[in-house]
Structures are given as C-alpha cells and as structure tokens.
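Quick look at run02.pdb (PDB, C-alpha atoms):
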ATOM      1  CA  MET A  95      24.658  12.235  -3.571
ATOM      2  CA  LYS A  96      23.331  13.507  -0.248
ATOM      3  CA  LEU A  97      23.860  10.868   2.363
ATOM      4  CA  LYS A  98      22.988  10.517   6.031
ATOM      5  CA  LYS A  99      24.866   7.668   7.539
ATOM      6  CA  TYR A 100      23.993   5.935  10.792
ATOM      7  CA  LYS A 101      25.820   3.258  12.713
ATOM      8  CA  LYS A 102      22.838   1.279  13.908
ATOM      9  CA  VAL A 103      19.134   1.935  13.347
ATOM     10  CA  SER A 104      15.918  -0.032  13.575
ATOM     11  CA  SER A 105      15.450   0.219   9.831
ATOM     12  CA  THR A 106      16.474   2.855   7.333
ATOM     13  CA  ASN A 107      12.921   3.018   5.942
ATOM     14  CA  LYS A 108      11.632   3.799   9.433
ATOM     15  CA  ILE A 109      14.204   6.549   9.909
ATOM     16  CA  ALA A 110      13.444   7.980   6.462
ATOM     17  CA  LYS A 111       9.726   8.100   7.263
ATOM     18  CA  LYS A 112      10.404  10.211  10.334
ATOM     19  CA  ILE A 113      12.318  12.950   8.547
ATOM     20  CA  LYS A 114      10.343  16.171   8.824
ATOM     21  CA  LYS A 115      11.220  17.851   5.546
ATOM     22  CA  PRO A 116      12.610  15.101   3.386
ATOM     23  CA  LYS A 117      14.699  16.215   0.428
ATOM     24  CA  ASP A 118      14.399  14.357  -2.848
ATOM     25  CA  TRP A 119      17.055  11.719  -3.344
ATOM     26  CA  LEU A 120      18.365  11.989   0.179
ATOM     27  CA  VAL A 121      19.910   8.641   1.063
ATOM     28  CA  ILE A 122      19.725   7.187   4.564
ATOM     29  CA  GLN A 123      22.305   4.500   5.142
ATOM     30  CA  ALA A 124      22.946   2.308   8.147
ATOM     31  CA  GLU A 125      25.861   0.064   8.909
ATOM     32  CA  GLU A 126      23.540  -2.201  10.784
ATOM     33  CA  GLN A 127      19.760  -2.594  11.145
ATOM     34  CA  LYS A 128      18.152  -3.995  14.240
ATOM     35  CA  ALA A 129      14.792  -4.506  12.589
ATOM     36  CA  GLY A 130      15.301  -4.559   8.847
ATOM     37  CA  TYR A 131      12.227  -5.751   7.029
ATOM     38  CA  GLY A 132      11.000  -6.600   3.575
ATOM     39  CA  ARG A 133       7.588  -7.033   2.065
ATOM     40  CA  LYS A 134       4.867  -8.257   4.409
ATOM     41  CA  LYS A 135       7.208  -7.198   7.212
ATOM     42  CA  ASP A 136       9.493 -10.154   6.541
ATOM     43  CA  TYR A 137      12.615  -9.871   8.591
ATOM     44  CA  TRP A 138      15.778  -8.820   6.742
ATOM     45  CA  PHE A 139      18.983 -10.024   8.357
ATOM     46  CA  SER A 140      21.092  -6.873   8.544
ATOM     47  CA  PRO A 141      24.415  -7.299  10.345
ATOM     48  CA  LYS A 142      27.450  -5.068   9.916
ATOM     49  CA  GLY A 143      29.082  -5.369   6.526
ATOM     50  CA  GLY A 144      25.923  -5.329   4.429
ATOM     51  CA  LEU A 145      24.606  -2.412   2.447
ATOM     52  CA  TYR A 146      21.341  -1.059   3.813
ATOM     53  CA  PHE A 147      19.860   2.181   2.640
ATOM     54  CA  SER A 148      16.689   4.047   1.850
ATOM     55  CA  VAL A 149      16.219   6.638  -0.830
ATOM     56  CA  ILE A 150      13.702   9.446  -0.561
ATOM     57  CA  LEU A 151      12.038   9.533  -3.935
ATOM     58  CA  PRO A 152      10.845  12.695  -5.632
ATOM     59  CA  LYS A 153       7.145  13.326  -6.079
ATOM     60  CA  SER A 154       5.891  10.842  -8.633
ATOM     61  CA  THR A 155       2.691   9.066  -9.523
ATOM     62  CA  ILE A 156       1.976   5.786  -7.821
ATOM     63  CA  GLU A 157       2.198   4.025 -11.193
ATOM     64  CA  ASP A 158       5.673   5.380 -11.866
ATOM     65  CA  LEU A 159       6.775   4.342  -8.400
ATOM     66  CA  GLN A 160       5.541   0.836  -9.031
ATOM     67  CA  ILE A 161       7.532   0.625 -12.254
ATOM     68  CA  LEU A 162      10.581   2.078 -10.527
ATOM     69  CA  THR A 163      10.368  -0.576  -7.828
ATOM     70  CA  ILE A 164      10.574  -3.351 -10.392
ATOM     71  CA  LEU A 165      13.356  -1.557 -12.212
ATOM     72  CA  ALA A 166      15.266  -1.183  -8.937
ATOM     73  CA  ALA A 167      15.831  -4.940  -8.900
ATOM     74  CA  PHE A 168      17.372  -4.580 -12.364
ATOM     75  CA  VAL A 169      19.533  -1.668 -11.225
ATOM     76  CA  VAL A 170      20.881  -3.735  -8.314
ATOM     77  CA  ALA A 171      21.397  -6.798 -10.516
ATOM     78  CA  LYS A 172      23.200  -4.701 -13.131
ATOM     79  CA  ALA A 173      25.579  -3.274 -10.514
ATOM     80  CA  ILE A 174      26.416  -6.805  -9.364
ATOM     81  CA  LYS A 175      26.905  -8.068 -12.898
ATOM     82  CA  GLU A 176      29.013  -5.203 -14.148
ATOM     83  CA  ASN A 177      31.244  -4.818 -11.111
ATOM     84  CA  PHE A 178      31.874  -8.427 -10.307
ATOM     85  CA  LYS A 179      31.105 -10.386 -13.486
ATOM     86  CA  LEU A 180      28.544 -12.424 -11.594
ATOM     87  CA  GLU A 181      25.208 -13.590 -13.012
ATOM     88  CA  PRO A 182      22.435 -12.426 -10.695
ATOM     89  CA  MET A 183      18.853 -13.448 -11.232
ATOM     90  CA  ILE A 184      15.804 -11.321 -10.525
ATOM     91  CA  LYS A 185      12.879 -12.871  -8.794
ATOM     92  CA  LEU A 186       9.991 -10.566  -9.481
ATOM     93  CA  PRO A 187       8.805  -8.385  -8.048
ATOM     94  CA  ASN A 188      11.700  -7.292  -5.923
ATOM     95  CA  ASP A 189      14.367  -9.803  -5.010
ATOM     96  CA  VAL A 190      17.804 -10.387  -6.427
ATOM     97  CA  TYR A 191      19.336 -13.842  -6.308
ATOM     98  CA  LEU A 192      22.794 -15.198  -6.866
ATOM     99  CA  ASN A 193      23.354 -18.947  -7.219
ATOM    100  CA  GLN A 194      19.735 -19.558  -6.198
ATOM    101  CA  LYS A 195      20.253 -17.686  -2.940
ATOM    102  CA  LYS A 196      18.848 -14.320  -2.025
ATOM    103  CA  ILE A 197      21.348 -11.481  -2.090
ATOM    104  CA  GLY A 198      19.227  -8.346  -2.255
ATOM    105  CA  GLY A 199      15.722  -7.048  -1.718
ATOM    106  CA  ILE A 200      13.742  -3.882  -2.310
ATOM    107  CA  LEU A 201      10.806  -2.426  -0.467
ATOM    108  CA  THR A 202       9.076   0.747  -1.555
ATOM    109  CA  GLU A 203       6.750   2.394   0.902
ATOM    110  CA  THR A 204       4.456   5.266   0.096
ATOM    111  CA  VAL A 205       2.000   7.519   1.840
ATOM    112  CA  VAL A 206      -0.961   8.240  -0.418
ATOM    113  CA  GLY A 207      -3.837  10.643  -0.015
ATOM    114  CA  GLU A 208      -5.340  12.169  -3.115
ATOM    115  CA  ASP A 209      -1.866  11.860  -4.565
ATOM    116  CA  VAL A 210       1.426  10.424  -3.391
ATOM    117  CA  LYS A 211       2.633  12.454  -0.418
ATOM    118  CA  PHE A 212       5.826  10.648   0.250
ATOM    119  CA  SER A 213       7.717   7.643  -1.020
ATOM    120  CA  ILE A 214      10.854   5.858  -0.035
ATOM    121  CA  MET A 215      12.662   2.925  -1.468
ATOM    122  CA  GLY A 216      14.596   0.718   0.878
ATOM    123  CA  ILE A 217      17.297  -1.529  -0.512
ATOM    124  CA  GLY A 218      19.142  -4.247   1.317
ATOM    125  CA  LEU A 219      22.123  -5.850  -0.357
ATOM    126  CA  ASN A 220      24.213  -8.544   1.251
ATOM    127  CA  THR A 221      27.661  -7.310   0.456
ATOM    128  CA  ASN A 222      30.350  -7.928   3.068
ATOM    129  CA  ILE A 223      28.558 -10.466   5.214
ATOM    130  CA  ASP A 224      30.858 -13.325   6.223
ATOM    131  CA  LYS A 225      28.325 -15.785   7.448
ATOM    132  CA  PHE A 226      24.582 -16.278   7.782
ATOM    133  CA  PRO A 227      22.779 -17.934  10.652
ATOM    134  CA  LYS A 228      21.793 -21.596  10.184
ATOM    135  CA  ASP A 229      18.213 -20.872   9.125
ATOM    136  CA  LEU A 230      19.399 -18.567   6.355
ATOM    137  CA  GLU A 231      22.639 -20.120   5.126
ATOM    138  CA  ASN A 232      20.924 -22.218   2.470
ATOM    139  CA  ILE A 233      18.700 -19.436   1.194
ATOM    140  CA  ALA A 234      20.872 -16.316   1.466
ATOM    141  CA  THR A 235      24.310 -15.376   0.264
ATOM    142  CA  SER A 236      26.552 -12.335   0.103
ATOM    143  CA  LEU A 237      28.959 -10.867  -2.423
ATOM    144  CA  LYS A 238      31.851 -11.572  -0.058
ATOM    145  CA  ILE A 239      30.888 -15.233   0.194
ATOM    146  CA  GLU A 240      30.514 -15.534  -3.583
ATOM    147  CA  LEU A 241      33.664 -13.592  -4.486
ATOM    148  CA  GLY A 242      35.859 -14.509  -1.565
ATOM    149  CA  LYS A 243      36.751 -10.850  -1.031
ATOM    150  CA  LYS A 244      35.352  -7.601   0.290
ATOM    151  CA  VAL A 245      33.496  -5.209  -1.978
ATOM    152  CA  ASN A 246      33.254  -1.423  -1.852
ATOM    153  CA  ASN A 247      29.880  -0.469  -0.349
ATOM    154  CA  ASP A 248      30.364   3.255  -1.036
ATOM    155  CA  LYS A 249      30.890   2.678  -4.738
ATOM    156  CA  LEU A 250      27.882   0.361  -4.983
ATOM    157  CA  ILE A 251      25.494   2.716  -3.231
ATOM    158  CA  LYS A 252      26.480   5.544  -5.597
ATOM    159  CA  GLN A 253      26.001   3.359  -8.651
ATOM    160  CA  ILE A 254      22.613   2.116  -7.482
ATOM    161  CA  VAL A 255      21.278   5.567  -6.604
ATOM    162  CA  LYS A 256      22.467   6.909  -9.951
ATOM    163  CA  GLY A 257      20.775   3.976 -11.672
ATOM    164  CA  LEU A 258      17.502   4.763  -9.890
ATOM    165  CA  LYS A 259      17.709   8.421 -10.907
ATOM    166  CA  ASP A 260      18.298   7.455 -14.529
ATOM    167  CA  GLN A 261      15.398   5.011 -14.493
ATOM    168  CA  LEU A 262      12.937   7.395 -12.872
ATOM    169  CA  GLY A 263      14.011  10.080 -15.325
ATOM    170  CA  ALA A 264      13.279   7.704 -18.192
ATOM    171  CA  ILE A 265       9.893   6.588 -16.796
ATOM    172  CA  SER A 266       8.557  10.030 -16.090
ATOM    173  CA  GLU A 267       9.739  11.598 -19.334
TER     174      GLU A 267
ATOM    175  CA  MET B 214     -37.081 -12.229   4.129
ATOM    176  CA  PRO B 215     -37.567 -12.401   0.374
ATOM    177  CA  ILE B 216     -36.944  -9.368  -1.731
ATOM    178  CA  LYS B 217     -38.738  -8.666  -4.941
ATOM    179  CA  LYS B 218     -37.044  -6.270  -7.303
ATOM    180  CA  LEU B 219     -38.748  -4.196  -9.951
ATOM    181  CA  LYS B 220     -37.536  -1.669 -12.434
ATOM    182  CA  LEU B 221     -39.958   0.897 -13.741
ATOM    183  CA  ASN B 222     -39.593   3.615 -16.272
ATOM    184  CA  ILE B 223     -42.183   6.343 -15.980
ATOM    185  CA  ASN B 224     -41.946   9.096 -18.541
ATOM    186  CA  GLY B 225     -38.231   8.438 -18.921
ATOM    187  CA  LYS B 226     -37.479   8.497 -15.202
ATOM    188  CA  LYS B 227     -36.109   5.230 -13.869
ATOM    189  CA  TYR B 228     -37.260   3.767 -10.590
ATOM    190  CA  ASN B 229     -35.524   0.839  -8.897
ATOM    191  CA  ILE B 230     -37.984  -0.732  -6.528
ATOM    192  CA  ASP B 231     -37.196  -3.363  -3.907
ATOM    193  CA  ILE B 232     -40.063  -4.824  -1.977
ATOM    194  CA  GLN B 233     -39.191  -6.667   1.174
ATOM    195  CA  GLN B 234     -41.417  -8.325   3.719
ATOM    196  CA  LEU B 235     -40.134  -7.357   7.138
ATOM    197  CA  SER B 236     -42.697  -9.235   9.192
ATOM    198  CA  LYS B 237     -46.103 -10.778   8.827
ATOM    199  CA  ASP B 238     -47.874  -7.459   8.476
ATOM    200  CA  THR B 239     -45.057  -5.096   7.485
ATOM    201  CA  ILE B 240     -43.432  -4.535   4.161
ATOM    202  CA  LYS B 241     -40.695  -2.196   3.124
ATOM    203  CA  ILE B 242     -40.686  -0.653  -0.304
ATOM    204  CA  LYS B 243     -37.498   0.995  -1.363
ATOM    205  CA  VAL B 244     -37.822   3.394  -4.261
ATOM    206  CA  ASN B 245     -34.379   4.361  -5.486
ATOM    207  CA  ASP B 246     -32.783   5.554  -2.232
ATOM    208  CA  GLU B 247     -35.879   6.091  -0.163
ATOM    209  CA  ASP B 248     -37.470   3.536   2.141
ATOM    210  CA  PHE B 249     -41.196   3.399   2.819
ATOM    211  CA  ILE B 250     -42.592   1.047   5.396
ATOM    212  CA  PHE B 251     -46.195  -0.102   5.156
ATOM    213  CA  LYS B 252     -48.090  -1.772   7.927
ATOM    214  CA  GLU B 253     -51.142  -3.748   6.953
ATOM    215  CA  LYS B 254     -54.301  -2.230   8.347
ATOM    216  CA  ARG B 255     -55.679  -3.876  11.390
ATOM    217  CA  LYS B 256     -59.304  -4.224  12.301
ATOM    218  CA  GLY B 257     -60.806  -0.877  13.070
ATOM    219  CA  GLU B 258     -58.135   1.077  11.217
ATOM    220  CA  GLY B 259     -59.177   2.896   8.139
ATOM    221  CA  LYS B 260     -55.847   3.335   6.415
ATOM    222  CA  SER B 261     -52.554   1.590   6.124
ATOM    223  CA  VAL B 262     -49.868   3.105   8.227
ATOM    224  CA  VAL B 263     -47.063   4.473   6.175
ATOM    225  CA  ALA B 264     -43.760   5.398   7.683
ATOM    226  CA  LYS B 265     -41.120   7.033   5.584
ATOM    227  CA  THR B 266     -37.837   6.060   7.154
ATOM    228  CA  SER B 267     -34.354   7.059   6.218
ATOM    229  CA  ILE B 268     -33.746   9.607   3.541
ATOM    230  CA  PRO B 269     -30.276   8.633   2.525
ATOM    231  CA  LYS B 270     -30.109  11.215  -0.159
ATOM    232  CA  ARG B 271     -26.525  11.739  -1.016
ATOM    233  CA  ASP B 272     -25.051  14.266   1.290
ATOM    234  CA  PHE B 273     -22.676  16.600  -0.480
ATOM    235  CA  LYS B 274     -20.386  16.417   2.500
ATOM    236  CA  GLU B 275     -19.967  12.684   2.112
ATOM    237  CA  LYS B 276     -16.462  11.731   0.989
ATOM    238  CA  GLU B 277     -15.165   8.532  -0.443
ATOM    239  CA  ILE B 278     -11.614   7.306  -0.146
ATOM    240  CA  LYS B 279     -10.650   5.026  -2.972
ATOM    241  CA  ALA B 280      -7.838   2.595  -3.673
ATOM    242  CA  PRO B 281      -5.219   4.414  -5.755
ATOM    243  CA  ILE B 282      -3.875   1.153  -7.115
ATOM    244  CA  ALA B 283      -4.834  -2.520  -7.186
ATOM    245  CA  GLY B 284      -3.555  -4.622  -4.309
ATOM    246  CA  VAL B 285      -4.341  -6.395  -1.084
ATOM    247  CA  ILE B 286      -5.443  -4.717   2.131
ATOM    248  CA  SER B 287      -2.766  -5.857   4.551
ATOM    249  CA  GLU B 288      -3.825  -3.743   7.536
ATOM    250  CA  VAL B 289      -6.906  -1.752   8.501
ATOM    251  CA  PHE B 290      -6.249   1.019  11.001
ATOM    252  CA  VAL B 291      -9.779   2.361  11.499
ATOM    253  CA  LYS B 292     -13.285   1.135  12.224
ATOM    254  CA  GLU B 293     -16.779   2.313  11.452
ATOM    255  CA  ASN B 294     -17.962   5.345  13.427
ATOM    256  CA  ASP B 295     -14.402   6.442  14.149
ATOM    257  CA  PHE B 296     -13.926  10.150  13.848
ATOM    258  CA  ILE B 297     -10.775  10.720  11.880
ATOM    259  CA  LYS B 298      -8.623  13.707  11.143
ATOM    260  CA  LYS B 299      -6.858  14.685   7.981
ATOM    261  CA  GLY B 300      -3.710  12.632   7.584
ATOM    262  CA  LYS B 301      -5.005   9.636   9.510
ATOM    263  CA  LYS B 302      -3.822   6.253   8.247
ATOM    264  CA  ILE B 303      -6.777   4.302   6.899
ATOM    265  CA  VAL B 304      -5.345   1.106   5.520
ATOM    266  CA  LEU B 305      -2.099  -0.402   4.352
ATOM    267  CA  LEU B 306      -2.496  -1.443   0.749
ATOM    268  CA  SER B 307       0.151  -3.820  -0.512
ATOM    269  CA  ALA B 308       0.480  -3.658  -4.224
ATOM    270  CA  MET B 309       2.738  -6.404  -5.509
ATOM    271  CA  LYS B 310       5.870  -4.354  -5.154
ATOM    272  CA  MET B 311       4.949  -1.659  -2.710
ATOM    273  CA  GLU B 312       3.407  -1.012   0.644
ATOM    274  CA  ASN B 313       1.121   1.999   0.500
ATOM    275  CA  GLU B 314      -0.225   3.746   3.548
ATOM    276  CA  ILE B 315      -3.506   5.223   2.485
ATOM    277  CA  ILE B 316      -4.282   8.355   4.448
ATOM    278  CA  SER B 317      -7.393  10.463   4.656
ATOM    279  CA  GLU B 318      -7.367  13.915   3.136
ATOM    280  CA  PHE B 319     -10.567  14.740   4.982
ATOM    281  CA  GLU B 320     -11.866  14.962   8.462
ATOM    282  CA  GLY B 321     -15.049  13.179   9.402
ATOM    283  CA  LYS B 322     -16.815  10.182  10.781
ATOM    284  CA  ILE B 323     -16.396   6.847   9.079
ATOM    285  CA  LYS B 324     -19.862   5.989   7.921
ATOM    286  CA  LYS B 325     -18.862   2.846   6.097
ATOM    287  CA  LEU B 326     -15.731   0.740   6.104
ATOM    288  CA  LEU B 327     -15.945  -1.324   2.971
ATOM    289  CA  VAL B 328     -12.804  -3.443   3.145
ATOM    290  CA  LYS B 329     -11.215  -5.870   5.525
ATOM    291  CA  LYS B 330      -7.755  -7.265   6.078
ATOM    292  CA  GLY B 331      -6.703  -9.673   3.374
ATOM    293  CA  GLU B 332      -9.196  -8.382   0.839
ATOM    294  CA  LYS B 333      -8.138  -7.760  -2.741
ATOM    295  CA  VAL B 334      -9.102  -4.424  -4.198
ATOM    296  CA  LYS B 335      -9.007  -2.924  -7.630
ATOM    297  CA  GLU B 336      -7.927   0.578  -8.464
ATOM    298  CA  GLY B 337     -10.817   2.922  -7.755
ATOM    299  CA  ASN B 338     -12.622   0.634  -5.299
ATOM    300  CA  VAL B 339     -14.120   2.644  -2.453
ATOM    301  CA  LEU B 340     -12.375   1.838   0.829
ATOM    302  CA  ILE B 341     -14.326   4.028   3.231
ATOM    303  CA  ILE B 342     -17.127   6.545   3.156
ATOM    304  CA  LEU B 343     -16.839   9.527   5.456
ATOM    305  CA  GLU B 344     -19.594  11.859   6.541
TER     306      GLU B 344
END

Go ahead and render the structure in this file as structure tokens.
Amino acid sequence: MKLKKYKKVSSTNKIAKKIKKPKDWLVIQAEEQKAGYGRKKDYWFSPKGGLYFSVILPKSTIEDLQILTILAAFVVAKAIKENFKLEPMIKLPNDVYLNQKKIGGILTETVVGEDVKFSIMGIGLNTNIDKFPKDLENIATSLKIELGKKVNNDKLIKQIVKGLKDQLGAISE
Amino acid sequence: MPIKKLKLNINGKKYNIDIQQLSKDTIKIKVNDEDFIFKEKRKGEGKSVVAKTSIPKRDFKEKEIKAPIAGVISEVFVKENDFIKKGKKIVLLSAMKMENEIISEFEGKIKKLLVKKGEKVKEGNVLIILE
C-alpha cells in the first residue's frame, strides 16, 4: 500500500484533490484534520488518535463508484466486527454506527466531465479518541471508548484499503 | 397573453404551431423553432407587417452538459452568459453517496443554465447549454 502520511491537514480529501498526478490507490493519511468534513460539508471531528484517510480510486464509471461507496461502509463495518468482535450497524448510505453512536463515515468525491476524471474516497473512523466534546458525546463514539483499549490504526487502514480493492475488483469484473 | 397551440401534419411533415397575442395588434406565430411576428394592418397600410425574428435553428456548435447521475444540485458555480473554459466547475451534484463536481469539457458561453441550487435532477437531464 502506497501511503503519504501527514501530521495535520485541513482534510485528506482536500489534499488528495490537489495532487498533480495522482496514482491509483495512493492513500493520504493524516493524524489530525483541521477541517474534516462529511456529506453536505458536515463537520467531522478529527482529533489526534482517529483514523483519517483518503484513497485515490482508479478510473471507474460513476455507477461503480456509487456502489463502491455503499460497499465501503460494509468494508469498515467488517473490519470492526472481525477485529474486535463488536456489532457495528450501517446507516445507509455511508455511516457506521456502534451502540447507536456514529463511529465512521465515508465521503466519495468525484470530478466528472464526459467521464469520471478523478475520484477519491475519504474515510473517517473514530479509533483512538478518548473523549468527544459535549455536543457530540451522545451521538459519537470511538473504538477506544467501546473497547477500553487502543487499537492499531496501521493494521486497520491496510485491511480497509484491501477490502476496497477487493470490492472494486468484484464490481468492475 | 394566451397561447393557442396547434399541431399540423402536411404531407407527412409535422408542424408545431404556437400562436400568441403579444399586444392588441401584434401576434406571434411560432412554427417549430421559428418565430414570425404579425402586426395588424393599420389604416392606409396595404399589407400586414411581418417580421421574422429569431432563427434559433440548432447550431452545431451548441453543447449540452448533462447530469451523469441522478442527484441534487448542491452548488452552482456559473451563471448565464458566463464564458467558461474547459475544466471549469459547473455544479456540484450530490448523489446520495457522493459529491460530484461536474466540469465542462468544452469552452464557450453559457447560453442557458437550466438548474438551480437544491434542484433534483435525473440522469441525462441537461444542466447547461453552451454556445
């Protein structure tokens, strides 16, 4: 997995969009995002400890990308279930919940002319976040809060990216 | 002003005719894409005055940019009469799971902007017409 890791960025999707010659499956990861966002530009709380990354997707049709975006929620949920024996729930189209609280989200962004020029998938997963601010503590959770221990971000990112590759391979076959 | 619509078929050729009264003594008759304006003759004038106005025959250089997927227009980055270059962002189209920046593959002037923020579109709906 090709990975570019940053300490602090505005958002990994924004950084990914600025790359001049983006290579397929390049992963942009940040330890912290100052302006993480989800669909409709909803703010995504992104302090240190969480897993925030964007994946540059290979050239695909817009329909395949739409399917992949839904499947990404399943890929994230599967990683949580298999690694930690937890029971995540998917709220379609692109959120992952644990104990009725949001734990992960996905945002795919594309640039489309006559065909898709560029597409990235941004994933935010609350992994090692100790505490959420008051306005979020009842609606968001993290793996660390649920498990009472730290999880391995590097292992998770690899599993998720592999899962996405497998899914896109299956869709576009 | 009221519009009367007629459909005629003359020797197999179809004519869509809209007749519209523009003012007390002026009517506009649109035959397919051509407009003809008739002024009622006034005293002392022998004939009705006919003015053929626009000839909006489809220009081959006209380009349409269509929605690649169904969704909601969440941002519009251009306005009518803007001159845009290839690669210019036209709209942000949010399909349920994705945000899609629709860019222009052509250069030209925006003749018609057919969508607005918040509007739902279907796949294939024309977003803008360039000339």

For this session: For chain B, report every residue with an atom at most 9 Å from chain A (counting all atoms listed in the file), formatted as a ChimeraX atom specification.
Result: /B:278-279,281-282,287,300,302,307-318

Exercise. Could you spell out the hits of the PyMOL selection byres ((chain B and resi 341) around 9) on the shown file, as number ranges by chain?
Worked result: B: 276-279, 293, 303, 323-328, 339-340, 342-343

Determine the residue set returned by the PyMOL selection byres ((chain B and resi 241) around 10) for the present structure, and present it as a CSV table (one decimal) with C-alpha atoms, in the frame of the given file.
chain,number,residue,atom,x,y,z
B,216,ILE,CA,-36.9,-9.4,-1.7
B,231,ASP,CA,-37.2,-3.4,-3.9
B,232,ILE,CA,-40.1,-4.8,-2.0
B,233,GLN,CA,-39.2,-6.7,1.2
B,234,GLN,CA,-41.4,-8.3,3.7
B,235,LEU,CA,-40.1,-7.4,7.1
B,236,SER,CA,-42.7,-9.2,9.2
B,239,THR,CA,-45.1,-5.1,7.5
B,240,ILE,CA,-43.4,-4.5,4.2
B,242,ILE,CA,-40.7,-0.7,-0.3
B,243,LYS,CA,-37.5,1.0,-1.4
B,244,VAL,CA,-37.8,3.4,-4.3
B,248,ASP,CA,-37.5,3.5,2.1
B,249,PHE,CA,-41.2,3.4,2.8
B,250,ILE,CA,-42.6,1.0,5.4
B,251,PHE,CA,-46.2,-0.1,5.2
B,252,LYS,CA,-48.1,-1.8,7.9
B,263,VAL,CA,-47.1,4.5,6.2
B,264,ALA,CA,-43.8,5.4,7.7
B,265,LYS,CA,-41.1,7.0,5.6
B,266,THR,CA,-37.8,6.1,7.2

For this session: Using all atoms listed in the file, pick whichever of A:Val190, A:Leu120, A:Leu97, A:Ile109 has the shortest atom-to-atom distance to Ile233 (chain A).
Result: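 Looking at the shortest contact to Ile233 (chain A), the residue is A:Val190.
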
Problem set entry | Which of A:Gln253, A:Asn177, A:Asn247, A:Asn107 sits closest to Gly143 (chain A) [using all atoms listed in the file] |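 Checking each of A:Gln253, A:Asn177, A:Asn247, A:Asn107 against Gly143 (chain A), counting all atoms listed in the file, the winner is A:Asn247.
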
For this session: Can you work out which one of A:Ser148, A:Gln127, A:Ser154, A:Ser105 has the shortest atom-to-atom distance to Ile217 (chain A), counting only C-alpha atoms?
Result: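 For Ile217 (chain A), the nearest of the candidates is A:Ser148.
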
Shell of 9 Å around Gly321 (chain B), all atoms listed in the file, local chain residues under 3 positions omitted, as a CSV table (one decimal) with C-alpha atoms, keeping the file's coordinate frame:
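Writing the result to out.csv gives the following:
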chain,number,residue,atom,x,y,z
B,275,GLU,CA,-20.0,12.7,2.1
B,276,LYS,CA,-16.5,11.7,1.0
B,295,ASP,CA,-14.4,6.4,14.1
B,296,PHE,CA,-13.9,10.2,13.8
B,297,ILE,CA,-10.8,10.7,11.9
B,298,LYS,CA,-8.6,13.7,11.1
B,299,LYS,CA,-6.9,14.7,8.0
B,324,LYS,CA,-19.9,6.0,7.9
B,343,LEU,CA,-16.8,9.5,5.5
B,344,GLU,CA,-19.6,11.9,6.5

For this session: Rounded to one decimal place, report the CA of Val121 (chain A)-CA of Val149 (chain A) distance in Å.
Result: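 Computing it gives 4.6 Å between the two atoms.
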
Problem set entry | Residues matched by the PyMOL selection byres ((chain A and resi 170) around 10) as a list in words |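 With the shown file as input, the PyMOL selection byres ((chain A and resi 170) around 10) matches Leu165, Ala166, Ala167, Phe168, Val169, Ala171, Lys172, Ala173, Ile174, Lys175, Pro182, Ile184, Asp189, Val190, Ile197, Gly198, Gly199, Ile200, Ile217, Gly218, Leu219, Leu250, Ile251, Gln253, Ile254, Val255, Gly257 and Leu258 of chain A.
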
Exercise. Could you name the residues that touch Lys98 (chain A) at 12 Å or less, counting only C-alpha atoms, but leaving out those on the same chain fewer than 4 positions away, as a list in words?
Worked result: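 Close residues of Lys98 (chain A): Val103, Thr106, Ile109, Ala110, Ile113, Pro116, Lys117, Trp119, Leu120, Val121, Ile122, Gln123, Ala124, Glu125, Tyr146, Phe147, Ser148, Val149 and Ile150 of chain A.
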
Problem set entry | Interatomic distance (Å, one decimal) between CA of Lys225 (chain A) and CA of Phe178 (chain A) |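 A separation of 19.5 Å between them.
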
Centre and edge lengths of an axis-aligned box around all listed atoms of region 184-198 of chain A, with 6 Å added on each side, are to be given in Å to one decimal, as AutoDock Vina command-line options.
--center_x 16.1 --center_y -13.4 --center_z -6.3 --size_x 26.5 --size_y 24.3 --size_z 20.5

For this session: Tell me, in Å to one decimal, how far CA of Asp224 (chain A) is from CA of Lys185 (chain A).
Result: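 About the pair CA of Asp224 (chain A) and CA of Lys185 (chain A): they are 23.4 Å apart.
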
Exercise. Nearest to Phe290 (chain B) among B:Lys322, B:Lys335, B:Lys329, B:Lys274, with distances taken over only C-alpha atoms: which residue is it?
Worked result: B:Lys329

For this session: Using only C-alpha atoms, determine which residues lie at most 7 Å from Ser140 (chain A), disregarding the query and same-chain residues fewer than 3 positions distant; provide the list as a list in words.
Result: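 With the cut-off at 7 Å, the set is Glu126, Gln127, Gly130 and Gly144 of chain A.
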